[in-house]
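The data block below is structure04.txt; it holds compact mmCIF, C-alpha atoms.
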# COMPACT_ATOMS: atom_id res chain seq x y z
CA MET S 1233 2.39 -28.83 -21.91
CA THR S 1234 2.11 -29.66 -18.21
CA GLN S 1235 -0.86 -31.58 -16.83
CA TYR S 1236 -1.75 -32.31 -13.20
CA THR S 1237 -3.98 -35.18 -12.05
CA LEU S 1238 -5.65 -34.66 -8.67
CA PHE S 1239 -6.77 -37.07 -5.96
CA VAL S 1240 -8.36 -35.52 -2.84
CA PRO S 1241 -8.29 -37.43 0.48
CA GLU S 1242 -11.55 -38.43 2.13
CA ARG S 1243 -10.86 -36.21 5.15
CA LEU S 1244 -9.35 -32.72 5.04
CA ASP S 1245 -7.53 -31.40 8.10
CA ALA S 1246 -5.05 -28.67 7.21
CA THR S 1247 -3.74 -25.23 8.07
CA VAL S 1248 -3.15 -23.12 4.95
CA GLU S 1249 -0.83 -20.10 4.82
CA LEU S 1250 -2.81 -17.98 2.39
CA PRO S 1251 -1.09 -15.57 -0.01
CA ALA S 1252 -1.31 -11.84 0.55
CA SER S 1253 -4.09 -9.95 -1.17
CA LYS S 1254 -3.19 -9.14 -4.77
CA SER S 1255 -5.82 -6.40 -4.89
CA ILE S 1256 -4.45 -4.60 -1.84
CA SER S 1257 -0.81 -5.17 -2.83
CA ASN S 1258 -1.23 -3.51 -6.21
CA ARG S 1259 -3.06 -0.53 -4.73
CA ALA S 1260 -0.52 -0.11 -1.92
CA LEU S 1261 2.39 -0.21 -4.39
CA ILE S 1262 1.02 2.62 -6.53
CA ILE S 1263 0.16 4.71 -3.49
CA HIS S 1264 3.58 4.06 -1.92
CA ALA S 1265 5.20 5.27 -5.12
CA LEU S 1266 3.08 8.43 -5.12
CA ALA S 1267 3.83 8.98 -1.41
CA ARG S 1268 7.56 8.84 -2.16
CA GLY S 1269 7.04 11.62 -4.68
CA TRP S 1270 8.89 10.07 -7.57
CA GLN S 1271 10.04 13.53 -8.61
CA ARG S 1272 13.51 12.51 -9.86
CA PRO S 1273 15.21 14.64 -12.51
CA LEU S 1274 14.42 13.23 -15.93
CA GLY S 1275 17.10 10.82 -17.05
CA SER S 1276 18.26 9.94 -13.54
CA GLN S 1277 18.32 6.28 -12.59
CA PRO S 1278 15.98 5.00 -9.86
CA THR S 1279 17.34 2.98 -6.97
CA THR S 1280 15.72 0.25 -4.92
CA ASP S 1281 15.33 2.82 -2.12
CA ASP S 1282 12.89 4.77 -4.26
CA LEU S 1283 10.12 2.39 -3.25
CA MET S 1284 9.59 1.33 0.36
CA LEU S 1285 7.60 -1.84 -0.10
CA PRO S 1286 4.59 -2.64 2.08
CA LYS S 1287 4.85 -5.62 4.43
CA ASN S 1288 3.43 -9.03 3.45
CA LEU S 1289 3.45 -8.10 -0.22
CA SER S 1290 1.93 -10.62 -2.60
CA ASP S 1291 4.39 -12.81 -4.51
CA CYS S 1292 2.06 -13.32 -7.48
CA ASP S 1293 2.89 -12.44 -11.09
CA ASP S 1294 0.60 -9.39 -11.16
CA THR S 1295 2.33 -7.81 -8.18
CA GLU S 1296 5.85 -8.70 -9.30
CA VAL S 1297 5.43 -6.93 -12.65
CA THR S 1298 4.24 -3.80 -10.80
CA VAL S 1299 7.22 -3.90 -8.42
CA ARG S 1300 9.61 -4.32 -11.33
CA ALA S 1301 8.03 -1.50 -13.28
CA LEU S 1302 8.18 0.93 -10.36
CA LYS S 1303 11.76 0.03 -9.44
CA GLU S 1304 13.27 -0.07 -12.92
CA MET S 1305 11.01 2.27 -14.93
CA PRO S 1306 12.33 1.08 -18.31
CA ASP S 1307 11.36 2.84 -21.52
CA GLU S 1308 9.13 -0.13 -22.38
CA ILE S 1309 7.17 -1.58 -19.47
CA ASP S 1310 5.82 -5.08 -20.13
CA ILE S 1311 3.13 -5.93 -17.59
CA LYS S 1312 2.46 -9.30 -19.32
CA ALA S 1313 -1.09 -10.52 -18.47
CA ALA S 1314 -1.64 -8.25 -15.45
CA GLY S 1315 -4.79 -6.25 -16.15
CA THR S 1316 -4.63 -4.46 -12.81
CA ALA S 1317 -1.06 -3.38 -13.49
CA MET S 1318 -1.99 -2.11 -16.96
CA ARG S 1319 -4.74 0.15 -15.62
CA PHE S 1320 -2.95 1.32 -12.48
CA MET S 1321 0.39 1.95 -14.20
CA ALA S 1322 -1.29 3.86 -17.06
CA ALA S 1323 -2.72 6.37 -14.59
CA PHE S 1324 0.47 6.50 -12.51
CA LEU S 1325 2.74 7.13 -15.51
CA ALA S 1326 0.38 9.78 -16.90
CA ALA S 1327 0.27 11.75 -13.62
CA THR S 1328 3.99 11.68 -12.69
CA PRO S 1329 6.75 13.52 -14.58
CA ASN S 1330 8.99 10.52 -15.19
CA GLY S 1331 9.57 10.80 -18.91
CA GLU S 1332 8.09 8.79 -21.78
CA HIS S 1333 7.19 5.11 -21.52
CA THR S 1334 5.49 2.48 -23.63
CA LEU S 1335 3.13 0.28 -21.60
CA THR S 1336 2.51 -3.12 -23.18
CA GLY S 1337 1.60 -6.73 -22.36
CA THR S 1338 0.63 -10.13 -23.76
CA ASP S 1339 -1.35 -10.66 -26.95
CA ARG S 1340 -4.50 -11.12 -24.86
CA MET S 1341 -3.74 -7.84 -23.04
CA LYS S 1342 -3.55 -6.09 -26.40
CA HIS S 1343 -7.19 -7.12 -26.95
CA ARG S 1344 -8.49 -5.99 -23.56
CA PRO S 1345 -10.15 -2.55 -23.87
CA ILE S 1346 -8.66 0.46 -22.12
CA GLY S 1347 -10.19 3.33 -24.12
CA ILE S 1348 -12.47 4.61 -21.34
CA LEU S 1349 -9.52 5.04 -18.97
CA VAL S 1350 -7.35 6.66 -21.65
CA ASP S 1351 -10.14 9.11 -22.55
CA ALA S 1352 -10.59 10.01 -18.88
CA LEU S 1353 -6.86 10.59 -18.39
CA ARG S 1354 -6.70 12.68 -21.56
CA TYR S 1355 -9.61 14.76 -20.29
CA LEU S 1356 -7.51 15.46 -17.18
CA GLY S 1357 -4.67 16.60 -19.45
CA ALA S 1358 -2.63 13.39 -19.90
CA ASP S 1359 -0.37 12.87 -22.91
CA ILE S 1360 -1.28 9.34 -24.04
CA SER S 1361 -1.34 7.82 -27.51
CA TYR S 1362 -1.99 4.34 -28.84
CA ALA S 1363 1.02 2.41 -30.13
CA GLY S 1364 -1.23 -0.15 -31.83
CA GLU S 1365 -4.97 -0.57 -32.25
CA GLU S 1366 -7.13 2.36 -31.13
CA GLY S 1367 -8.70 1.69 -27.73
CA PHE S 1368 -6.28 -1.07 -26.72
CA PRO S 1369 -2.71 -1.40 -25.38
CA PRO S 1370 0.13 -0.79 -25.98
CA LEU S 1371 0.13 2.84 -24.85
CA ARG S 1372 2.73 5.60 -25.21
CA ILE S 1373 2.61 7.84 -22.17
CA VAL S 1374 4.51 11.07 -21.48
CA GLY S 1375 4.30 11.76 -17.77
CA LYS S 1376 3.57 15.23 -16.42
CA HIS S 1377 1.74 17.11 -13.68
CA LEU S 1378 -2.02 17.03 -14.29
CA GLU S 1379 -4.46 19.69 -13.16
CA GLY S 1380 -7.31 17.33 -12.33
CA GLY S 1381 -10.84 18.59 -11.81
CA ARG S 1382 -14.30 17.14 -12.39
CA ILE S 1383 -14.93 14.19 -14.67
CA GLU S 1384 -17.67 11.65 -15.40
CA VAL S 1385 -17.14 7.97 -16.24
CA PRO S 1386 -19.63 5.10 -16.54
CA GLY S 1387 -20.16 3.25 -13.27
CA GLY S 1388 -20.62 0.00 -15.17
CA ILE S 1389 -16.99 -0.23 -16.33
CA SER S 1390 -14.28 -2.21 -14.56
CA SER S 1391 -13.68 -0.86 -11.06
CA GLN S 1392 -9.95 -0.94 -11.89
CA TYR S 1393 -10.44 2.06 -14.20
CA ILE S 1394 -12.15 3.93 -11.39
CA SER S 1395 -9.53 2.92 -8.82
CA ALA S 1396 -6.72 3.99 -11.16
CA LEU S 1397 -8.22 7.48 -11.42
CA LEU S 1398 -8.92 7.75 -7.69
CA MET S 1399 -5.40 6.80 -6.64
CA ILE S 1400 -3.76 9.60 -8.63
CA GLY S 1401 -6.31 12.11 -7.25
CA PRO S 1402 -4.11 13.40 -4.39
CA ALA S 1403 -1.29 14.07 -6.92
CA LEU S 1404 -3.50 16.25 -9.15
CA GLU S 1405 -3.16 20.02 -8.68
CA ASN S 1406 -6.89 20.51 -8.18
CA GLY S 1407 -7.66 17.06 -6.86
CA LEU S 1408 -10.41 15.02 -8.46
CA GLU S 1409 -14.19 14.93 -8.44
CA LEU S 1410 -15.32 11.69 -10.03
CA ARG S 1411 -18.98 11.16 -10.91
CA LEU S 1412 -20.06 7.64 -11.85
CA THR S 1413 -22.97 7.50 -14.27
CA GLY S 1414 -25.48 4.66 -14.58
CA ASP S 1415 -25.29 1.51 -12.49
CA ILE S 1416 -22.17 1.15 -10.36
CA ILE S 1417 -20.60 -2.32 -10.35
CA SER S 1418 -17.89 -3.74 -8.04
CA ARG S 1419 -18.47 -0.98 -5.48
CA PRO S 1420 -16.55 -2.92 -2.77
CA TYR S 1421 -13.38 -2.67 -4.88
CA ILE S 1422 -13.85 1.10 -5.10
CA ASP S 1423 -14.32 1.25 -1.33
CA LEU S 1424 -11.19 -0.89 -0.90
CA THR S 1425 -9.21 1.63 -2.94
CA ILE S 1426 -10.52 4.53 -0.85
CA SER S 1427 -9.67 2.62 2.34
CA VAL S 1428 -6.03 2.09 1.29
CA MET S 1429 -5.84 5.75 0.24
CA HIS S 1430 -7.07 6.78 3.71
CA SER S 1431 -4.31 4.68 5.28
CA TYR S 1432 -1.76 6.90 3.50
CA GLY S 1433 -3.38 10.15 4.60
CA ALA S 1434 -5.50 10.91 1.55
CA LYS S 1435 -8.77 12.75 1.88
CA ALA S 1436 -11.21 10.89 -0.37
CA GLU S 1437 -14.92 10.54 0.31
CA TRP S 1438 -18.22 9.69 -1.31
CA THR S 1439 -20.03 13.04 -1.45
CA GLY S 1440 -23.18 11.49 -2.89
CA ILE S 1441 -24.53 8.20 -4.07
CA ASP S 1442 -22.55 8.48 -7.32
CA THR S 1443 -19.76 11.00 -6.67
CA ILE S 1444 -16.34 10.75 -5.01
CA ARG S 1445 -14.22 13.77 -4.13
CA VAL S 1446 -10.43 13.44 -3.71
CA GLU S 1447 -8.67 16.49 -2.25
CA PRO S 1448 -5.22 17.58 -3.54
CA LYS S 1449 -3.64 16.47 -0.26
CA PRO S 1450 -0.39 14.51 -0.76
CA TYR S 1451 -0.04 10.97 0.49
CA VAL S 1452 2.08 10.38 3.60
CA GLU S 1453 4.59 7.56 3.51
CA ARG S 1454 4.06 4.95 6.22
CA ASP S 1455 4.51 1.29 7.13
CA TYR S 1456 1.65 -0.76 5.81
CA LEU S 1457 0.69 -4.41 6.45
CA ILE S 1458 -1.25 -6.21 3.72
CA GLU S 1459 -3.84 -8.73 4.83
CA ASN S 1460 -4.17 -12.13 3.20
CA ASP S 1461 -6.38 -12.84 0.23
CA TRP S 1462 -10.08 -13.67 0.53
CA SER S 1463 -10.16 -14.65 -3.15
CA ALA S 1464 -7.60 -17.38 -2.41
CA ALA S 1465 -9.60 -18.40 0.64
CA SER S 1466 -12.66 -19.07 -1.53
CA TYR S 1467 -11.04 -22.14 -3.14
CA TRP S 1468 -10.50 -23.72 0.27
CA TYR S 1469 -14.12 -23.01 1.18
CA GLU S 1470 -15.00 -24.82 -2.04
CA MET S 1471 -12.72 -27.75 -1.13
CA LEU S 1472 -14.52 -28.16 2.18
CA ALA S 1473 -18.00 -27.69 0.69
CA LEU S 1474 -17.30 -30.54 -1.75
CA SER S 1475 -15.89 -32.88 0.91
CA ASP S 1476 -18.21 -35.70 1.97
CA ASP S 1477 -16.57 -35.97 5.40
CA THR S 1478 -18.52 -33.88 7.92
CA ASP S 1479 -15.52 -33.88 10.29
CA SER S 1480 -13.20 -32.25 7.75
CA GLU S 1481 -11.75 -28.90 8.85
CA ILE S 1482 -9.55 -26.26 7.21
CA ARG S 1483 -7.76 -23.36 8.91
CA LEU S 1484 -6.80 -20.25 6.91
CA THR S 1485 -4.27 -17.66 8.11
CA GLY S 1486 -4.05 -13.89 7.91
CA LEU S 1487 -7.68 -12.97 7.23
CA ILE S 1488 -9.54 -10.03 8.74
CA ASP S 1489 -13.11 -10.00 10.02
CA GLY S 1490 -14.85 -7.04 8.37
CA SER S 1491 -12.31 -6.94 5.52
CA ARG S 1492 -12.80 -4.38 2.75
CA GLN S 1493 -11.97 -7.02 0.15
CA GLY S 1494 -15.00 -7.60 -2.04
CA ASP S 1495 -14.43 -11.34 -2.13
CA SER S 1496 -14.77 -11.57 1.65
CA SER S 1497 -18.45 -12.04 0.79
CA ALA S 1498 -17.47 -15.65 0.08
CA ARG S 1499 -17.87 -16.45 3.78
CA TYR S 1500 -21.53 -15.40 3.70
CA ILE S 1501 -22.38 -17.20 0.46
CA PHE S 1502 -20.65 -20.38 1.60
CA SER S 1503 -22.61 -20.27 4.84
CA LEU S 1504 -25.64 -21.03 2.63
CA LEU S 1505 -23.76 -24.11 1.39
CA GLY S 1506 -23.06 -25.40 4.88
CA ILE S 1507 -19.65 -23.94 5.70
CA LYS S 1508 -19.26 -22.26 9.09
CA THR S 1509 -16.57 -19.59 9.54
CA VAL S 1510 -14.97 -19.12 12.97
CA PHE S 1511 -12.48 -16.27 13.58
CA GLU S 1512 -9.80 -16.91 16.20
CA THR S 1513 -9.87 -13.23 17.19
CA THR S 1514 -12.21 -10.43 16.15
CA GLY S 1515 -10.07 -7.34 16.75
CA GLU S 1516 -10.75 -4.63 14.20
CA GLY S 1517 -8.22 -4.75 11.37
CA VAL S 1518 -6.24 -7.58 13.00
CA PRO S 1519 -5.25 -10.50 10.74
CA THR S 1520 -6.16 -13.81 12.35
CA THR S 1521 -6.72 -17.50 11.63
CA VAL S 1522 -10.11 -18.59 10.37
CA THR S 1523 -11.41 -22.12 10.91
CA LEU S 1524 -13.84 -23.61 8.40
CA LYS S 1525 -16.20 -26.37 9.51
CA LYS S 1526 -19.05 -28.23 7.84
CA ASN S 1527 -22.68 -27.98 8.86
CA ARG S 1528 -25.40 -30.29 7.61
CA THR S 1529 -27.47 -28.32 5.12
CA LYS S 1530 -29.06 -28.76 1.74
CA LEU S 1531 -29.88 -25.58 -0.16
CA PRO S 1532 -32.49 -26.29 -2.88
CA ARG S 1533 -31.22 -23.50 -5.16
CA LEU S 1534 -28.84 -20.53 -5.13
CA ASP S 1535 -29.65 -17.25 -6.88
CA TYR S 1536 -27.01 -14.54 -6.46
CA ASN S 1537 -25.92 -11.27 -8.05
CA PHE S 1538 -22.11 -11.19 -8.37
CA VAL S 1539 -21.95 -7.58 -9.55
CA ASN S 1540 -19.82 -6.67 -6.51
CA SER S 1541 -17.62 -9.78 -6.54
CA PRO S 1542 -17.37 -11.17 -10.10
CA ASP S 1543 -14.13 -13.05 -9.38
CA LEU S 1544 -16.09 -15.45 -7.16
CA ALA S 1545 -18.42 -16.54 -9.94
CA GLN S 1546 -16.28 -19.39 -11.27
CA THR S 1547 -15.88 -20.82 -7.77
CA PHE S 1548 -19.62 -20.96 -7.16
CA VAL S 1549 -20.50 -22.21 -10.65
CA VAL S 1550 -18.27 -25.25 -10.15
CA CYS S 1551 -19.16 -25.73 -6.47
CA CYS S 1552 -22.93 -25.55 -6.85
CA ALA S 1553 -23.02 -27.84 -9.87
CA MET S 1554 -20.84 -30.43 -8.14
CA MET S 1555 -23.17 -30.22 -5.10
CA ASN S 1556 -26.15 -30.66 -7.47
CA ILE S 1557 -27.57 -27.26 -6.46
CA PRO S 1558 -29.29 -25.42 -9.36
CA PHE S 1559 -28.33 -21.75 -9.64
CA HIS S 1560 -28.94 -18.48 -11.42
CA PHE S 1561 -26.01 -16.06 -11.23
CA THR S 1562 -26.28 -12.48 -12.49
CA GLY S 1563 -23.93 -9.48 -12.60
CA LEU S 1564 -21.35 -11.31 -14.72
CA ALA S 1565 -20.87 -8.86 -17.61
CA THR S 1566 -17.20 -8.21 -16.80
CA LEU S 1567 -16.36 -11.91 -17.07
CA LYS S 1568 -16.23 -11.65 -20.85
CA ILE S 1569 -13.26 -9.22 -20.78
CA LYS S 1570 -11.10 -10.96 -18.18
CA GLU S 1571 -8.05 -13.16 -18.92
CA THR S 1572 -10.41 -15.12 -21.15
CA ASP S 1573 -14.14 -15.01 -21.90
CA ARG S 1574 -14.96 -16.73 -18.61
CA ILE S 1575 -18.62 -17.29 -19.44
CA GLU S 1576 -17.81 -19.29 -22.57
CA ALA S 1577 -14.94 -21.08 -20.83
CA LEU S 1578 -17.21 -22.14 -17.96
CA LYS S 1579 -19.90 -23.43 -20.32
CA ARG S 1580 -17.34 -25.46 -22.26
CA GLU S 1581 -15.50 -26.98 -19.29
CA MET S 1582 -18.63 -27.72 -17.23
CA ARG S 1583 -20.05 -29.64 -20.20
CA LYS S 1584 -17.00 -31.90 -19.97
CA LEU S 1585 -18.15 -32.73 -16.43
CA GLY S 1586 -21.73 -33.36 -17.57
CA PHE S 1587 -23.41 -30.02 -16.79
CA VAL S 1588 -25.23 -27.87 -19.36
CA LEU S 1589 -25.03 -24.17 -18.45
CA VAL S 1590 -27.10 -21.47 -20.12
CA ASP S 1591 -25.94 -17.87 -20.44
CA VAL S 1592 -28.33 -14.96 -20.78
CA GLY S 1593 -27.15 -11.87 -22.62
CA GLY S 1594 -23.52 -12.45 -21.75
CA SER S 1595 -24.09 -11.33 -18.17
CA GLU S 1596 -25.89 -14.26 -16.51
CA LEU S 1597 -25.29 -17.97 -16.05
CA ARG S 1598 -27.96 -20.48 -15.13
CA TRP S 1599 -28.01 -24.20 -14.37
CA ASP S 1600 -31.43 -25.75 -13.89
CA GLY S 1601 -30.20 -29.30 -13.41
CA GLU S 1602 -29.76 -30.22 -17.08
CA ARG S 1603 -27.12 -32.91 -17.57
CA CYS S 1604 -25.27 -34.34 -20.54
CA GLU S 1605 -22.91 -37.28 -21.01
CA PRO S 1606 -19.70 -36.36 -19.14
CA MET S 1607 -16.27 -36.81 -20.67
CA GLU S 1608 -14.55 -40.02 -19.66
CA ASN S 1609 -11.43 -39.05 -17.69
CA PRO S 1610 -12.14 -35.30 -18.07
CA VAL S 1611 -9.36 -32.80 -18.70
CA ILE S 1612 -9.94 -29.14 -17.77
CA ASP S 1613 -8.41 -26.48 -20.02
CA THR S 1614 -7.41 -23.26 -18.24
CA TYR S 1615 -7.28 -20.68 -21.10
CA ASP S 1616 -4.30 -18.82 -19.53
CA ASP S 1617 -6.74 -17.92 -16.73
CA HIS S 1618 -5.63 -18.56 -13.14
CA ARG S 1619 -9.18 -18.69 -11.81
CA MET S 1620 -10.15 -21.51 -14.17
CA ALA S 1621 -7.47 -23.73 -12.63
CA LEU S 1622 -8.15 -22.57 -9.07
CA SER S 1623 -11.92 -23.01 -9.21
CA PHE S 1624 -11.95 -26.39 -10.98
CA ALA S 1625 -9.27 -28.08 -8.85
CA PRO S 1626 -11.63 -28.68 -5.87
CA ALA S 1627 -13.98 -30.60 -8.19
CA ALA S 1628 -11.49 -33.48 -7.87
CA SER S 1629 -13.24 -34.18 -4.54
CA LYS S 1630 -16.17 -35.47 -6.59
CA ILE S 1631 -14.19 -36.61 -9.66
CA PRO S 1632 -11.07 -38.50 -8.52
CA GLY S 1633 -8.32 -38.22 -11.10
CA LEU S 1634 -9.57 -34.93 -12.55
CA ARG S 1635 -6.87 -33.51 -14.80
CA ILE S 1636 -5.89 -29.85 -15.19
CA ASN S 1637 -3.97 -28.56 -18.23
CA ASN S 1638 -1.38 -25.78 -17.88
CA PRO S 1639 -1.72 -25.58 -14.07
CA GLY S 1640 1.10 -23.02 -13.83
CA VAL S 1641 -1.38 -20.24 -14.64
CA VAL S 1642 -2.14 -20.01 -10.89
CA SER S 1643 1.09 -17.97 -10.50
CA LYS S 1644 -0.92 -14.91 -11.54
CA SER S 1645 -2.56 -14.76 -8.09
CA TYR S 1646 -1.69 -17.84 -5.99
CA PRO S 1647 1.73 -19.29 -6.92
CA ALA S 1648 1.83 -21.78 -4.00
CA PHE S 1649 -1.63 -23.26 -4.63
CA TRP S 1650 -0.52 -26.71 -5.79
CA THR S 1651 2.06 -26.94 -3.01
CA ASP S 1652 -0.61 -25.99 -0.48
CA LEU S 1653 -2.91 -28.68 -1.89
CA GLU S 1654 -0.18 -31.27 -1.43
CA LYS S 1655 0.43 -30.12 2.14
CA ALA S 1656 -3.31 -30.63 2.74
CA GLY S 1657 -3.01 -34.23 1.61
CA VAL S 1658 -4.10 -33.91 -2.02
CA ARG S 1659 -2.10 -36.17 -4.35
CA VAL S 1660 -0.93 -34.16 -7.35
CA GLU S 1661 0.49 -36.30 -10.16
CA LYS S 1662 2.51 -34.18 -12.56
CA GLU S 1663 3.14 -35.01 -16.20
CA GLU S 1664 4.78 -33.27 -19.16
CA LEU S 1665 2.88 -33.98 -22.38
Please render this file's structure as structure tokens.
Amino acid sequence: MTQYTLFVPERLDATVELPASKSISNRALIIHALARGWQRPLGSQPTTDDLMLPKNLSDCDDTEVTVRALKEMPDEIDIKAAGTAMRFMAAFLAATPNGEHTLTGTDRMKHRPIGILVDALRYLGADISYAGEEGFPPLRIVGKHLEGGRIEVPGGISSQYISALLMIGPALENGLELRLTGDIISRPYIDLTISVMHSYGAKAEWTGIDTIRVEPKPYVERDYLIENDWSAASYWYEMLALSDDTDSEIRLTGLIDGSRQGDSSARYIFSLLGIKTVFETTGEGVPTTVTLKKNRTKLPRLDYNFVNSPDLAQTFVVCCAMMNIPFHFTGLATLKIKETDRIEALKREMRKLGFVLVDVGGSELRWDGERCEPMENPVIDTYDDHRMALSFAPAASKIPGLRINNPGVVSKSYPAFWTDLEKAGVRVEKEEL
């Protein structure tokens, strides 16, 4: 096992080349593949020319498994721990006549539910069966043309299910009318999907508060530039928020003002914690450098609903506690079915640092200031979850020598994170146990 020990300098002054957005990369890849047609005769071998990759594509694990799957299209497609790839590839394979494939992944992936998406695809005419436990991967999928039509799915499910269905809409003979029932969570991720679809010529619109219509209008192949990742930016906001030096400054590249990424809301939430965001340019859709600076502020408490940006929750749990700011965070139901049960993982690891979190109904986390005896020389476990490592690393600003187990998990979304920390002056001591 690998373990990193972190020591953060008193002053931060760094320019960080952020990774490309994983969320946009994975959407653009599927849409690119659909725009190319992918109507090869069954049995023919794909070539690397079959997929014209977008520019500034993410180099993370989740994106690489999607690229490999689309280029090689083996009989068995192993997407490892990439939940996005599992959902997006299931819909893509079902709606394109590219033969029969088995879609599988890690042991954890085989326990992440996918039944709602499979039922929806079957309703549209897909030929999908379970190769293991009912309702979970692996899946056997026989690709074919689907008629499409009108379908209802719960709005409270993962937005990745909804995005997977929307993206194949233009390839369905009758298009798609998707009605979302109940409360709709992660709406910004749905809007992000629609935005990328529009960039490739799709006609997809909200026709009501709960309904999206996708016309059977084929995608048009085009050059596409992927902006950098606001989720990755959030960890640098956290680093600065936890710094005691008011003159510290961090510059982040390739971000867009007015981004469709749901986690761009980090800039607004962090403004409440004293971090000012300054864009070098403000041209619409133009990637630019963002400068983060500290303001003097002391928020007495932070209450926030993360229903539209659940991937930010870990960042703010750690950050607020380390700043001694009580909080009540809601909208966290999806955290229990991520790479790990993030609610339980947060409670366990924060207790090591001396903080007692309370969860309410598996969808809320609260810290009212209750403390416990912290672990001497604490070691953070990461549970094969990239965001556990990414969100806890900045806590080394307050806990010099904080140790992180299995730090390589960051490759799922931000492979260069530890290198970027070192470039910013953080001492990273590496040890094999």
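When only C-alpha atoms are used to compute distances to Ile1444 (chain S), the closest of the residues S:Leu1487, S:Ala1464, S:Ala1403, S:Leu1410 turns out to be S:Leu1410.
Minimum atom-to-atom distances from S:Thr1338, S:Ser1463, S:Asn1637, S:Asn1537 to Lys1254 (chain S) were compared using all atoms listed in the file, and the lowest value belongs to S:Ser1463.
Distances to Met1305 (chain S) were evaluated for S:Ile1507, S:Met1321, S:Leu1665, S:Ile1360 using all atoms listed in the file, and the minimum falls at S:Met1321.
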Option closest in space to Val1590 (chain S), from S:Tyr1646, S:Phe1559, S:Phe1538, S:Tyr1615 [counting all atoms listed in the file]: S:Phe1559
Contacts of Pro1450 (chain S) within 9 Å, all atoms listed in the file, excl. fewer than 2 positions in-chain, as a list in words: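 Contacts, with the query itself left out: Leu1266, Ala1267, Gly1269, Pro1402, Ala1403, Tyr1432, Gly1433, Ala1434, Lys1435, Glu1447, Pro1448 and Val1452 of chain S.
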Who sits within 7 Å of Pro1369 (chain S), only C-alpha atoms, same chain under 6 positions skipped, as a VMD selection string: chain S and resid 1336 1341 to 1342 1362
CA of Val1522 (chain S) to CA of Asp1617 (chain S), distance in Å rounded to a single decimal: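 These atoms are spaced 27.3 Å apart.
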Point-to-point distance in Å for CA of Pro1519 (chain S) and CA of Asp1291 (chain S):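 Those two atoms sit 18.2 Å apart.
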Non-local contacts of Arg1619 (chain S) (10 Å; all atoms listed in the file; under 4 positions in same chain excluded) as a ChimeraX atom specification: /S:1463-1464,1467,1543-1547,1571,1574,1614-1615,1623-1625,1641-1642,1644-1646
Let's have the selection written as a CSV table (one decimal), in the coordinates of the input, with C-alpha atoms.
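Ended up saving to part_9.csv:
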chain,number,residue,atom,x,y,z
S,1463,SER,CA,-10.2,-14.6,-3.2
S,1464,ALA,CA,-7.6,-17.4,-2.4
S,1467,TYR,CA,-11.0,-22.1,-3.1
S,1543,ASP,CA,-14.1,-13.0,-9.4
S,1544,LEU,CA,-16.1,-15.4,-7.2
S,1545,ALA,CA,-18.4,-16.5,-9.9
S,1546,GLN,CA,-16.3,-19.4,-11.3
S,1547,THR,CA,-15.9,-20.8,-7.8
S,1571,GLU,CA,-8.0,-13.2,-18.9
S,1574,ARG,CA,-15.0,-16.7,-18.6
S,1614,THR,CA,-7.4,-23.3,-18.2
S,1615,TYR,CA,-7.3,-20.7,-21.1
S,1623,SER,CA,-11.9,-23.0,-9.2
S,1624,PHE,CA,-12.0,-26.4,-11.0
S,1625,ALA,CA,-9.3,-28.1,-8.8
S,1641,VAL,CA,-1.4,-20.2,-14.6
S,1642,VAL,CA,-2.1,-20.0,-10.9
S,1644,LYS,CA,-0.9,-14.9,-11.5
S,1645,SER,CA,-2.6,-14.8,-8.1
S,1646,TYR,CA,-1.7,-17.8,-6.0
Atomic separation - CA of Leu1585 (chain S) relative to CA of Ile1612 (chain S), Å: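 If I compute the distance from CA of Ile1612 (chain S) to CA of Leu1585 (chain S), I get 9.1 Å.
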Six-sided padding of 4 Å per side, axis-aligned box over region 1548-1561 of chain S, centre and edges in Å, one decimal, as lines of an AutoDock Vina configuration file:
center_x = -23.8
center_y = -23.4
center_z = -8.3
size_x = 19.0
size_y = 22.6
size_z = 14.3
Spatial neighbours of region 1523-1534 of chain S, 8 Å, only C-alpha atoms, chain gap at least 3 places, as a ChimeraX atom specification: /S:1469,1472-1473,1478-1484,1504-1512,1552,1557-1560
Test item: residues at most 10 Å from Pro1370 (chain S), all atoms listed in the file, excluding those fewer than 4 positions along its chain, as number ranges by chain: S: 1308-1310, 1318, 1334-1338, 1341-1343, 1346, 1361-1366
Top pick for closest residue to Asp1359 (chain S), considering S:Ala1323, S:Leu1404, S:Ala1314, S:Val1446 and counting all atoms listed in the file: S:Ala1323
